[in-house]
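Asker: I'd like to ask you about the structure that follows.
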Amino acid sequence: MTAKRVLILEDDLFLIKVMQKKFEKSGHTVKILTDGTRAVETAKEFEPNVVLVDLIMPETDGFIAIEKLKQDPMTTTIPLVVASNLSTDEDIAKTKELGVIKYFVKSNVDLNEVISYIDNL
């Protein structure tokens, strides 16, 4: 495993603390945004190896953040992984069309599985 720079878009404060602690314990550097408004700007500054995106957030949701990240030439190649409680086939298909490489349903997955997947990117 190579340590990664992980940009996390998540608005659940409890989950933010847990994710940050577990990712950092696994050797990764983490930057957190609580909505997608500054996703592109932050990705350009932070230069993450991967962006982990929640879809339901205030202000700018994950779908819009993903679209913006994929449209900008400086961020379009960053791998995007979704961790959301939205679990309809339509939501999953929409994110795949937008360029997401992996979709995790939060309620059905252990955070360690998400970290393991990112470890192996």
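All residue names refer to the structure tokens as shown: chains lettered A, B, ... in order, residues numbered from 1 in each chain, ligands numbered from 1 in order.
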Please provide the set of residues having any atom within 10 Å of Asn108 (chain A), restricted to only C-alpha atoms, with same-chain residues fewer than 2 positions apart removed, written as a tab-separated table (two decimals) with N, CA and C atoms, in the first residue's frame.
Answerer:
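The new file selection-v3.tsv reads:
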```tsv
chain	number	residue	atom	x	y	z
A	84	SER	N	-22.19	6.58	-0.28
A	84	SER	CA	-23.46	7.26	-0.06
A	84	SER	C	-24.50	6.27	0.42
A	85	ASN	N	-25.54	6.79	1.05
A	85	ASN	CA	-26.67	5.92	1.41
A	85	ASN	C	-27.70	5.85	0.30
A	87	SER	N	-29.03	4.30	-2.79
A	87	SER	CA	-28.71	2.95	-3.26
A	87	SER	C	-29.54	2.49	-4.45
A	104	PHE	N	-19.92	2.70	-3.17
A	104	PHE	CA	-20.18	1.98	-1.93
A	104	PHE	C	-21.47	2.54	-1.30
A	105	VAL	N	-22.35	1.66	-0.88
A	105	VAL	CA	-23.53	2.07	-0.11
A	105	VAL	C	-23.12	2.03	1.36
A	106	LYS	N	-23.10	3.19	2.00
A	106	LYS	CA	-22.58	3.30	3.37
A	106	LYS	C	-23.20	2.29	4.33
A	110	ASP	N	-18.46	-1.78	5.42
A	110	ASP	CA	-17.61	-1.37	6.52
A	110	ASP	C	-16.58	-0.37	5.98
A	111	LEU	N	-16.29	0.66	6.74
A	111	LEU	CA	-15.33	1.67	6.31
A	111	LEU	C	-13.98	1.06	5.97
```
Asker: Report as a Markdown table: every residue of region 73-114 of chain A with an atom at most 6 Å from region 47-63 of chain A, its closest pair of atoms, and their distance in Å to one decimal, counting only C-alpha atoms, with rows sorted by chain and ascending residue number.
Answerer:
```
| residue | atom | partner | partner_atom | distance |
| --- | --- | --- | --- | --- |
| A:Ile78 | CA | A:Val50 | CA | 5.8 |
| A:Pro79 | CA | A:Val50 | CA | 5.0 |
| A:Leu80 | CA | A:Val51 | CA | 5.0 |
| A:Val81 | CA | A:Leu52 | CA | 4.8 |
| A:Val82 | CA | A:Val53 | CA | 4.7 |
| A:Ala83 | CA | A:Asp54 | CA | 5.3 |
| A:Ser84 | CA | A:Asp54 | CA | 5.0 |
```
Asker: Can I get the selection written as a PDB file, in the first residue's frame, with N, CA and C atoms?
Answerer:
```
ATOM      1  N   ILE A  78      -8.523  12.492 -11.768  1.00  0.00           N
ATOM      2  CA  ILE A  78      -8.512  12.018 -10.385  1.00  0.00           C
ATOM      3  C   ILE A  78      -9.605  10.959 -10.219  1.00  0.00           C
ATOM      4  N   PRO A  79      -9.254   9.777  -9.717  1.00  0.00           N
ATOM      5  CA  PRO A  79     -10.276   8.742  -9.493  1.00  0.00           C
ATOM      6  C   PRO A  79     -11.308   9.204  -8.468  1.00  0.00           C
ATOM      7  N   LEU A  80     -12.577   8.936  -8.764  1.00  0.00           N
ATOM      8  CA  LEU A  80     -13.676   9.307  -7.882  1.00  0.00           C
ATOM      9  C   LEU A  80     -14.364   8.049  -7.368  1.00  0.00           C
ATOM     10  N   VAL A  81     -14.548   7.999  -6.055  1.00  0.00           N
ATOM     11  CA  VAL A  81     -15.222   6.887  -5.388  1.00  0.00           C
ATOM     12  C   VAL A  81     -16.385   7.480  -4.598  1.00  0.00           C
ATOM     13  N   VAL A  82     -17.550   6.865  -4.703  1.00  0.00           N
ATOM     14  CA  VAL A  82     -18.722   7.332  -3.969  1.00  0.00           C
ATOM     15  C   VAL A  82     -18.955   6.447  -2.749  1.00  0.00           C
ATOM     16  N   ALA A  83     -19.280   7.096  -1.626  1.00  0.00           N
ATOM     17  CA  ALA A  83     -19.777   6.412  -0.432  1.00  0.00           C
ATOM     18  C   ALA A  83     -21.031   7.174  -0.022  1.00  0.00           C
ATOM     19  N   SER A  84     -22.186   6.580  -0.277  1.00  0.00           N
ATOM     20  CA  SER A  84     -23.457   7.260  -0.056  1.00  0.00           C
ATOM     21  C   SER A  84     -24.503   6.265   0.421  1.00  0.00           C
TER      22      SER A  84
END
```
Asker: Just checking: using only C-alpha atoms, which residue out of A:Asp89, A:Glu24, A:Glu45, A:Glu113 ends up closest to Lys4 (chain A)?
Answerer: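 Checking each of A:Asp89, A:Glu24, A:Glu45, A:Glu113 against Lys4 (chain A), counting only C-alpha atoms, the winner is A:Glu24.
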Asker: Ranking A:Asp119, A:Glu41, A:Asp35, A:Asp11 by minimum distance to Thr75 (chain A) and counting only C-alpha atoms, which one comes first?
Answerer: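 Result for the nearest residue to Thr75 (chain A): A:Glu41.
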Asker: Write down as a PyMOL selection string the residues of region 3-91 of chain A whose backbone DSSP state falls under alpha helix (DSSP H).
Answerer: chain A and resi 13-25+39-46+62-71+89-91
Asker: Using only C-alpha atoms, find the one residue out of A:Ile64, A:Leu7, A:Leu13, A:Val109 that sits nearest to Thr95 (chain A).
Answerer: A:Ile64
Asker: I need the strand (DSSP E or B) residues of chain A per DSSP on the backbone, written as a list in words.
Answerer: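 Put together, the selection reads Arg5, Val6, Leu7, Ile8, Leu9, Thr29, Val30, Lys31, Ile32, Leu33, Val50, Val51, Leu52, Val53, Leu80, Val81, Val82, Ala83, Ser84, Lys102, Tyr103, Phe104 and Val105 of chain A.
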Asker: Rank A:Ile8, A:Ala3, A:Leu121, A:Ala65 by their smallest atom-to-atom distance to Arg38 (chain A), using only C-alpha atoms, and report the top residue only.
Answerer: A:Ala65
Asker: Measuring atom to atom with only C-alpha atoms, identify which of A:Met1, A:Glu67, A:Leu9, A:Gly36 is nearest to Lys94 (chain A).
Answerer: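 Nearest to Lys94 (chain A): A:Glu67.
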Asker: Nearest residue to Arg5 (chain A) out of A:Gln20, A:Thr76, A:Gln71, A:Thr29, using only C-alpha atoms?
Answerer: A:Thr29
Asker: Env of Met74 (chain A): 9 Å cut, atoms = only C-alpha atoms, seq-sep filter 4 positions within chain, self excluded. Answer as a ChimeraX atom specification.
Answerer: /A:40,43-44,69-70,78
Asker: Output N, CA and C atoms of each residue in that selection to a file, as an mmCIF file, in the first residue's frame.
Answerer:
```
data_model
loop_
_atom_site.group_PDB
_atom_site.id
_atom_site.type_symbol
_atom_site.label_atom_id
_atom_site.label_comp_id
_atom_site.auth_asym_id
_atom_site.auth_seq_id
_atom_site.Cartn_x
_atom_site.Cartn_y
_atom_site.Cartn_z
ATOM 1 N N VAL A 40 -13.510 21.442 -6.729
ATOM 2 C CA VAL A 40 -12.511 21.600 -7.797
ATOM 3 C C VAL A 40 -11.337 22.431 -7.306
ATOM 4 N N ALA A 43 -9.313 20.407 -4.859
ATOM 5 C CA ALA A 43 -8.597 19.320 -5.542
ATOM 6 C C ALA A 43 -7.373 19.862 -6.277
ATOM 7 N N LYS A 44 -7.476 21.024 -6.852
ATOM 8 C CA LYS A 44 -6.323 21.621 -7.541
ATOM 9 C C LYS A 44 -5.215 21.954 -6.544
ATOM 10 N N LEU A 69 -15.717 18.187 -11.150
ATOM 11 C CA LEU A 69 -14.376 17.590 -11.107
ATOM 12 C C LEU A 69 -14.020 16.941 -12.442
ATOM 13 N N LYS A 70 -14.978 16.302 -13.075
ATOM 14 C CA LYS A 70 -14.720 15.641 -14.363
ATOM 15 C C LYS A 70 -14.624 16.627 -15.516
ATOM 16 N N ILE A 78 -8.523 12.492 -11.768
ATOM 17 C CA ILE A 78 -8.512 12.018 -10.385
ATOM 18 C C ILE A 78 -9.605 10.959 -10.219
#
```
Asker: What is the distance between CA of Lys68 (chain A) and CA of Ser26 (chain A), in Å to one decimal?
Answerer: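 Distance between the two atoms: 28.7 Å.
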Asker: What's the separation between CA of His28 (chain A) and CA of Ala93 (chain A), in Å to one decimal place?
Answerer: 28.7 Å
